[in-house]
file protein-v1.cif (mmCIF, C-alpha atoms)
data_input
loop_
_atom_site.group_PDB
_atom_site.id
_atom_site.type_symbol
_atom_site.label_atom_id
_atom_site.label_comp_id
_atom_site.auth_asym_id
_atom_site.auth_seq_id
_atom_site.Cartn_x
_atom_site.Cartn_y
_atom_site.Cartn_z
ATOM 1 C CA MET A 68 31.979 18.094 28.812
ATOM 2 C CA PHE A 69 30.668 18.874 25.350
ATOM 3 C CA MET A 70 32.143 15.671 23.931
ATOM 4 C CA LYS A 71 30.640 13.580 26.739
ATOM 5 C CA VAL A 72 27.150 14.956 26.041
ATOM 6 C CA PHE A 73 27.592 14.422 22.318
ATOM 7 C CA VAL A 74 28.763 10.818 22.762
ATOM 8 C CA LEU A 75 25.887 10.094 25.171
ATOM 9 C CA PHE A 76 23.237 11.294 22.740
ATOM 10 C CA LEU A 77 24.923 9.549 19.836
ATOM 11 C CA THR A 78 24.791 6.306 21.816
ATOM 12 C CA LEU A 79 21.112 6.790 22.689
ATOM 13 C CA PHE A 80 20.330 7.539 19.052
ATOM 14 C CA SER A 81 22.088 4.425 17.801
ATOM 15 C CA LEU A 82 20.278 2.257 20.356
ATOM 16 C CA SER A 83 16.864 3.652 19.426
ATOM 17 C CA CYS A 84 17.503 3.085 15.738
ATOM 18 C CA GLN A 85 18.247 -0.578 16.350
ATOM 19 C CA ALA A 86 14.687 -1.398 17.451
ATOM 20 C CA ALA A 87 13.172 -1.776 13.993
ATOM 21 C CA LEU A 88 12.016 -4.248 11.389
ATOM 22 C CA ILE A 89 14.766 -4.458 8.806
ATOM 23 C CA ARG A 90 13.871 -7.401 6.543
ATOM 24 C CA ALA A 91 10.918 -9.718 5.923
ATOM 25 C CA ASP A 92 9.167 -11.955 3.416
ATOM 26 C CA PHE A 93 5.990 -10.461 1.908
ATOM 27 C CA ARG A 94 3.250 -12.463 0.168
ATOM 28 C CA THR A 95 -0.336 -11.988 -1.007
ATOM 29 C CA GLU A 96 -2.830 -14.511 -2.374
ATOM 30 C CA SER A 97 -6.151 -13.617 -4.012
ATOM 31 C CA ASN A 98 -8.388 -16.564 -4.764
ATOM 32 C CA LEU A 99 -11.756 -17.955 -5.773
ATOM 33 C CA PRO A 100 -11.342 -21.449 -4.297
ATOM 34 C CA ASP A 101 -14.793 -22.618 -5.467
ATOM 35 C CA TYR A 102 -14.116 -21.790 -9.125
ATOM 36 C CA ARG A 103 -11.880 -23.273 -11.838
ATOM 37 C CA ASN A 104 -9.048 -25.131 -10.094
ATOM 38 C CA GLY A 105 -9.189 -22.934 -6.999
ATOM 39 C CA LEU A 106 -5.556 -21.854 -7.336
ATOM 40 C CA PRO A 107 -4.554 -18.393 -6.088
ATOM 41 C CA LEU A 108 -2.966 -15.399 -7.755
ATOM 42 C CA ILE A 109 0.301 -14.944 -5.841
ATOM 43 C CA TYR A 110 2.703 -12.054 -5.407
ATOM 44 C CA GLN A 111 5.792 -12.707 -3.309
ATOM 45 C CA SER A 112 8.900 -10.807 -2.236
ATOM 46 C CA LEU A 113 11.430 -12.764 -0.185
ATOM 47 C CA ASP A 114 13.987 -11.326 2.240
ATOM 48 C CA LYS A 115 12.959 -7.800 1.282
ATOM 49 C CA GLN A 116 14.754 -4.901 2.928
ATOM 50 C CA ILE A 117 12.256 -2.563 4.566
ATOM 51 C CA GLY A 118 12.510 1.071 3.559
ATOM 52 C CA ALA A 119 11.018 3.677 1.258
ATOM 53 C CA GLY A 120 8.334 2.518 -1.161
ATOM 54 C CA ALA A 121 6.229 -0.628 -1.318
ATOM 55 C CA GLU A 122 7.854 -3.876 -0.240
ATOM 56 C CA LEU A 123 5.532 -5.865 -2.524
ATOM 57 C CA ASP A 124 4.213 -4.562 -5.850
ATOM 58 C CA SER A 125 3.807 -5.457 -9.537
ATOM 59 C CA ASP A 126 7.451 -6.515 -9.824
ATOM 60 C CA ASP A 127 6.791 -9.358 -7.384
ATOM 61 C CA PHE A 128 4.317 -11.398 -9.448
ATOM 62 C CA LEU A 129 4.828 -15.117 -8.813
ATOM 63 C CA GLN A 130 1.989 -17.071 -10.417
ATOM 64 C CA ASN A 131 -1.607 -16.978 -11.628
ATOM 65 C CA PRO A 132 -2.393 -20.527 -12.796
ATOM 66 C CA ASP A 133 -6.167 -19.982 -13.002
ATOM 67 C CA GLY A 134 -5.794 -16.695 -14.886
ATOM 68 C CA TRP A 135 -7.698 -14.513 -12.420
ATOM 69 C CA SER A 136 -8.227 -10.896 -13.405
ATOM 70 C CA GLY A 137 -7.553 -8.281 -10.745
ATOM 71 C CA GLY A 138 -6.726 -9.229 -7.176
ATOM 72 C CA ARG A 139 -3.579 -7.115 -7.059
ATOM 73 C CA VAL A 140 -2.815 -5.798 -3.564
ATOM 74 C CA TRP A 141 0.484 -4.116 -2.720
ATOM 75 C CA MET A 142 2.124 -4.151 0.714
ATOM 76 C CA ASP A 143 4.010 -1.195 2.181
ATOM 77 C CA PHE A 144 5.493 -1.082 5.683
ATOM 78 C CA ASP A 145 6.503 2.361 6.960
ATOM 79 C CA PRO A 146 9.301 1.907 9.527
ATOM 80 C CA ILE A 147 8.800 5.413 10.944
ATOM 81 C CA SER A 148 5.110 5.066 11.813
ATOM 82 C CA SER A 149 5.141 1.247 12.179
ATOM 83 C CA ILE A 150 2.136 1.068 9.846
ATOM 84 C CA LEU A 151 1.557 -1.667 7.271
ATOM 85 C CA THR A 152 -0.648 -0.605 4.349
ATOM 86 C CA LEU A 153 -2.461 -3.011 2.031
ATOM 87 C CA SER A 154 -3.516 -1.194 -1.163
ATOM 88 C CA SER A 155 -5.879 -2.807 -3.659
ATOM 89 C CA ARG A 156 -5.189 -1.863 -7.259
ATOM 90 C CA ASP A 157 -8.561 -2.851 -8.765
ATOM 91 C CA ASP A 158 -12.158 -3.724 -7.875
ATOM 92 C CA TRP A 159 -12.522 -7.338 -9.007
ATOM 93 C CA ASP A 160 -14.454 -9.958 -7.044
ATOM 94 C CA PHE A 161 -12.808 -12.709 -4.993
ATOM 95 C CA GLN A 162 -13.722 -15.084 -2.191
ATOM 96 C CA THR A 163 -10.517 -14.897 -0.171
ATOM 97 C CA PHE A 164 -7.497 -12.657 0.210
ATOM 98 C CA ASP A 165 -4.470 -13.337 2.402
ATOM 99 C CA ALA A 166 -1.399 -11.233 3.180
ATOM 100 C CA TRP A 167 1.684 -12.362 5.082
ATOM 101 C CA MET A 168 4.769 -10.766 6.561
ATOM 102 C CA SER A 169 6.986 -13.611 7.710
ATOM 103 C CA ASN A 170 10.569 -14.339 8.717
ATOM 104 C CA ILE A 171 10.761 -10.792 10.059
ATOM 105 C CA VAL A 172 14.272 -9.750 11.048
ATOM 106 C CA PHE A 173 14.564 -7.186 13.834
ATOM 107 C CA ALA A 174 17.585 -4.957 14.277
ATOM 108 C CA GLN A 175 17.485 -5.479 18.040
ATOM 109 C CA ALA A 176 17.949 -8.944 19.518
ATOM 110 C CA GLY A 177 15.014 -10.178 21.576
ATOM 111 C CA GLU A 178 12.432 -7.987 19.865
ATOM 112 C CA THR A 179 9.162 -9.640 18.800
ATOM 113 C CA ILE A 180 5.715 -8.667 17.563
ATOM 114 C CA ALA A 181 3.422 -7.854 20.485
ATOM 115 C CA ASN A 182 0.229 -6.696 18.801
ATOM 116 C CA ILE A 183 -1.337 -5.715 15.481
ATOM 117 C CA VAL A 184 -4.065 -3.072 15.454
ATOM 118 C CA LEU A 185 -6.447 -2.497 12.533
ATOM 119 C CA LEU A 186 -6.507 1.286 11.943
ATOM 120 C CA THR A 187 -8.490 1.701 8.713
ATOM 121 C CA ASN A 188 -10.400 -0.895 6.735
ATOM 122 C CA ASN A 189 -11.274 0.134 3.195
ATOM 123 C CA LEU A 190 -9.787 -2.801 1.300
ATOM 124 C CA THR A 191 -13.145 -4.327 0.330
ATOM 125 C CA GLN A 192 -16.367 -2.661 -0.759
ATOM 126 C CA GLU A 193 -18.279 -4.739 1.782
ATOM 127 C CA GLY A 194 -16.058 -3.646 4.666
ATOM 128 C CA LEU A 195 -15.054 -7.189 5.560
ATOM 129 C CA VAL A 196 -13.203 -7.352 8.867
ATOM 130 C CA PRO A 197 -9.956 -9.297 8.538
ATOM 131 C CA VAL A 198 -8.809 -12.101 10.796
ATOM 132 C CA ILE A 199 -5.311 -11.308 12.091
ATOM 133 C CA ASN A 200 -2.901 -13.934 13.384
ATOM 134 C CA MET A 201 0.676 -13.421 14.517
ATOM 135 C CA THR A 202 3.730 -15.141 15.897
ATOM 136 C CA ASP A 203 6.877 -13.598 17.346
ATOM 137 C CA ASN A 204 8.192 -12.793 13.866
ATOM 138 C CA SER A 205 5.284 -13.102 11.440
ATOM 139 C CA LEU A 206 1.750 -11.938 10.770
ATOM 140 C CA HIS A 207 -1.115 -13.193 8.618
ATOM 141 C CA ILE A 208 -4.065 -11.027 7.575
ATOM 142 C CA ALA A 209 -7.013 -12.911 6.067
ATOM 143 C CA TYR A 210 -10.190 -11.660 4.383
ATOM 144 C CA SER A 211 -12.886 -14.170 3.447
ATOM 145 C CA ALA A 212 -16.451 -14.023 2.156
ATOM 146 C CA SER A 213 -16.505 -17.689 1.110
ATOM 147 C CA PRO A 214 -18.754 -19.206 -0.160
ATOM 148 C CA ASP A 215 -19.865 -15.737 -1.298
ATOM 149 C CA VAL A 216 -17.635 -13.179 -2.997
ATOM 150 C CA PHE A 217 -16.432 -9.706 -2.064
ATOM 151 C CA LEU A 218 -15.212 -6.847 -4.209
ATOM 152 C CA PHE A 219 -11.905 -5.114 -3.710
ATOM 153 C CA SER A 220 -12.488 -1.392 -3.288
ATOM 154 C CA GLY A 221 -9.444 0.085 -4.974
ATOM 155 C CA GLY A 222 -8.756 1.467 -1.487
ATOM 156 C CA SER A 223 -6.572 0.347 1.376
ATOM 157 C CA ALA A 224 -6.386 -1.026 4.903
ATOM 158 C CA THR A 225 -3.787 -0.004 7.473
ATOM 159 C CA PHE A 226 -2.412 -1.887 10.457
ATOM 160 C CA LYS A 227 -0.254 -0.649 13.342
ATOM 161 C CA ILE A 228 2.455 -3.118 14.331
ATOM 162 C CA GLU A 229 3.637 -2.972 17.940
ATOM 163 C CA THR A 230 6.692 -4.781 19.224
ATOM 164 C CA LYS A 231 8.077 -5.796 22.594
ATOM 165 C CA GLN A 232 11.423 -6.714 24.067
ATOM 166 C CA SER A 233 12.026 -10.131 25.572
ATOM 167 C CA GLN A 234 11.284 -8.735 29.041
ATOM 168 C CA GLY A 235 7.724 -8.098 27.808
ATOM 169 C CA VAL A 236 7.622 -4.294 27.596
ATOM 170 C CA THR A 237 5.421 -3.297 24.660
ATOM 171 C CA GLN A 238 6.655 -0.489 22.462
ATOM 172 C CA ASP A 239 6.013 0.987 19.067
ATOM 173 C CA ILE A 240 8.898 0.695 16.674
ATOM 174 C CA PRO A 241 10.727 3.970 17.437
ATOM 175 C CA GLU A 242 11.121 6.846 15.056
ATOM 176 C CA PRO A 243 14.735 7.455 14.031
ATOM 177 C CA THR A 244 13.729 10.941 12.863
ATOM 178 C CA SER A 245 12.622 11.964 16.366
ATOM 179 C CA ALA A 246 15.828 10.654 17.885
ATOM 180 C CA MET A 247 17.835 12.570 15.296
ATOM 181 C CA LEU A 248 15.987 15.795 16.162
ATOM 182 C CA VAL A 249 16.761 15.314 19.859
ATOM 183 C CA LEU A 250 20.403 14.708 19.007
ATOM 184 C CA ALA A 251 20.589 17.788 16.778
ATOM 185 C CA GLY A 252 18.912 19.979 19.412
ATOM 186 C CA SER A 253 21.281 18.789 22.118
ATOM 187 C CA PHE A 254 24.246 19.432 19.850
ATOM 188 C CA LEU A 255 23.074 22.999 19.188
ATOM 189 C CA LEU A 256 22.504 23.700 22.889
ATOM 190 C CA ALA A 257 25.930 22.381 23.793
ATOM 191 C CA THR A 258 27.557 24.460 21.036
ATOM 192 C CA ARG A 259 25.732 27.602 22.164
ATOM 193 C CA ARG A 260 26.796 27.086 25.772
ATOM 194 C CA ARG A 261 30.391 26.621 24.691
ATOM 195 C CA LYS A 262 30.299 29.899 22.718
ATOM 196 C CA ARG A 263 29.030 31.748 25.806
ATOM 197 C CA ILE A 264 31.903 30.410 27.881
ATOM 198 C CA ILE A 265 34.431 31.482 25.228
ATOM 199 C CA LEU A 266 32.904 34.984 24.972
ATOM 200 C CA GLN A 267 33.108 35.482 28.737
#
call {"tool": "encode", "arguments": {"input": "protein-v1.cif", "output": "structure tokens"}}
result
Amino acid sequence: MFMKVFVLFLTLFSLSCQAALIRADFRTESNLPDYRNGLPLIYQSLDKQIGAGAELDSDDFLQNPDGWSGGRVWMDFDPISSILTLSSRDDWDFQTFDAWMSNIVFAQAGETIANIVLLTNNLTQEGLVPVINMTDNSLHIAYSASPDVFLFSGGSATFKIETKQSQGVTQDIPEPTSAMLVLAGSFLLATRRRKRIILQ
């Protein structure tokens, strides 16, 4: 009996862990399209495994043909809370800023993005509200003050990513930690019950 319970919870745990984002391409562009040649500062991280720490940071510089100062924004997706954080690293002025997560690979077949919710919005000093677009496996977050400029705040913006299965049931990306706690608790209860039986 004990082994059956243990195997059941182990199976449930493994299934819950599968519903997660595991890899994606990350990209940011900061630009002043009405100045110089109008070419953006780009950071890009392709086929990045999602885990601890930022998925896009200073190591992912790609190009800055117009020599813009500032405009550095890191991207960090937390697989436990399903929250994407955009963190500005300076307070320079720009006209546009774009962030992408694309070619997202899910651990569970048939899983897609269902919704993206803006939680906090302190990326710009002006409090610009971003335009958010998504497909089944990508998202695009765009800030624009063009033809005017905005200032990065040195702060951050956070977004909750919700997913759904192919049958259309919306769900947050589950927390492996919670599933592990349930498994551990069940294991302890089963062990305790077994000890009682032996003592009798």
call {"tool": "closest_residue", "arguments": {"input": "protein-v1.cif", "among": "A:Thr187, A:Asn200, A:Asn104, A:Gln111", "to": "A:Ile150", "atoms": "all atoms listed in the file"}}
result
A:Thr187
call {"tool": "residues_around", "arguments": {"input": "protein-v1.cif", "residues": "A:Ala119", "least_positions_apart": "2", "cutoff": "10 Å", "atoms": "all atoms listed in the file", "output": "PyMOL selection string"}}
result
chain A and resi 116-117+121-122+143-146
call {"tool": "resolve_selection", "arguments": {"input": "protein-v1.cif", "expression": "the PyMOL selection byres ((chain A and resi 201) around 12)", "output": "tab-separated table (two decimals) with C-alpha atoms, keeping the file's coordinate frame"}}
result
chain	number	residue	atom	x	y	z
A	166	ALA	CA	-1.40	-11.23	3.18
A	167	TRP	CA	1.68	-12.36	5.08
A	168	MET	CA	4.77	-10.77	6.56
A	169	SER	CA	6.99	-13.61	7.71
A	170	ASN	CA	10.57	-14.34	8.72
A	171	ILE	CA	10.76	-10.79	10.06
A	179	THR	CA	9.16	-9.64	18.80
A	180	ILE	CA	5.72	-8.67	17.56
A	181	ALA	CA	3.42	-7.85	20.48
A	182	ASN	CA	0.23	-6.70	18.80
A	183	ILE	CA	-1.34	-5.72	15.48
A	184	VAL	CA	-4.07	-3.07	15.45
A	198	VAL	CA	-8.81	-12.10	10.80
A	199	ILE	CA	-5.31	-11.31	12.09
A	200	ASN	CA	-2.90	-13.93	13.38
A	202	THR	CA	3.73	-15.14	15.90
A	203	ASP	CA	6.88	-13.60	17.35
A	204	ASN	CA	8.19	-12.79	13.87
A	205	SER	CA	5.28	-13.10	11.44
A	206	LEU	CA	1.75	-11.94	10.77
A	207	HIS	CA	-1.12	-13.19	8.62
A	208	ILE	CA	-4.07	-11.03	7.58
A	209	ALA	CA	-7.01	-12.91	6.07
A	228	ILE	CA	2.46	-3.12	14.33
A	229	GLU	CA	3.64	-2.97	17.94
A	230	THR	CA	6.69	-4.78	19.22
call {"tool": "axis_aligned_box", "arguments": {"input": "protein-v1.cif", "around": "stretch 228-231 of chain A", "padding_each_side": "3 Å", "output": "AutoDock Vina command-line options"}}
result
--center_x 5.3 --center_y -4.4 --center_z 18.5 --size_x 11.6 --size_y 8.8 --size_z 14.3
call {"tool": "closest_residue", "arguments": {"input": "protein-v1.cif", "among": "A:Gly194, A:Pro214, A:Gly134, A:Gly118", "to": "A:Leu106", "atoms": "all atoms listed in the file"}}
result
A:Gly134
call {"tool": "atom_distance", "arguments": {"input": "protein-v1.cif", "atom1": "atom CA of A:Lys227", "atom2": "atom CA of A:Val140"}}
result
17.9 Å
call {"tool": "residues_near_point", "arguments": {"input": "protein-v1.cif", "point": "(-5.3, -4.8, -4.7)", "cutoff": "9 Å", "atoms": "all atoms listed in the file", "output": "count of residues only"}}
result
19
call {"tool": "atom_distance", "arguments": {"input": "protein-v1.cif", "atom1": "atom CA of A:Lys231", "atom2": "atom CA of A:Asp124"}}
result
28.7 Å
call {"tool": "residues_near_point", "arguments": {"input": "protein-v1.cif", "point": "(15.8, -8.1, 9.6)", "cutoff": "7 Å", "atoms": "all atoms listed in the file", "output": "list in words"}}
result
Leu88, Ile89, Arg90, Ala91, Ile171, Val172, Phe173 and Ala174 of chain A
call {"tool": "closest_residue", "arguments": {"input": "protein-v1.cif", "among": "A:Val196, A:Ala224, A:Leu129, A:Leu123", "to": "A:Ser211", "atoms": "all atoms listed in the file"}}
result
A:Val196
call {"tool": "atom_distance", "arguments": {"input": "protein-v1.cif", "atom1": "atom CA of A:Gln232", "atom2": "atom CA of A:Ser148"}}
result
18.1 Å
call {"tool": "resolve_selection", "arguments": {"input": "protein-v1.cif", "expression": "the PyMOL selection byres ((chain A and resi 127) around 6)", "output": "list in words"}}
result
Tyr110, Gln111, Ser112, Asp124, Ser125, Asp126 and Phe128 of chain A
call {"tool": "residues_around", "arguments": {"input": "protein-v1.cif", "residues": "A:Glu96", "least_positions_apart": "4", "cutoff": "7 Å", "atoms": "only C-alpha atoms", "output": "count of residues only"}}
result
7
call {"tool": "closest_residue", "arguments": {"input": "protein-v1.cif", "among": "A:Ala176, A:Leu195, A:Val216, A:Met142", "to": "A:Phe93", "atoms": "only C-alpha atoms"}}
result
A:Met142
call {"tool": "resolve_selection", "arguments": {"input": "protein-v1.cif", "expression": "the PyMOL selection byres ((chain A and resi 103) around 10)", "output": "list in words"}}
result
Leu99, Pro100, Asp101, Tyr102, Asn104, Gly105, Leu106, Pro132, Asp133, Gly134 and Trp135 of chain A
call {"tool": "closest_residue", "arguments": {"input": "protein-v1.cif", "among": "A:Ala212, A:Gly120, A:Asn131, A:Gln192", "to": "A:Leu151", "atoms": "all atoms listed in the file"}}
result
A:Gly120
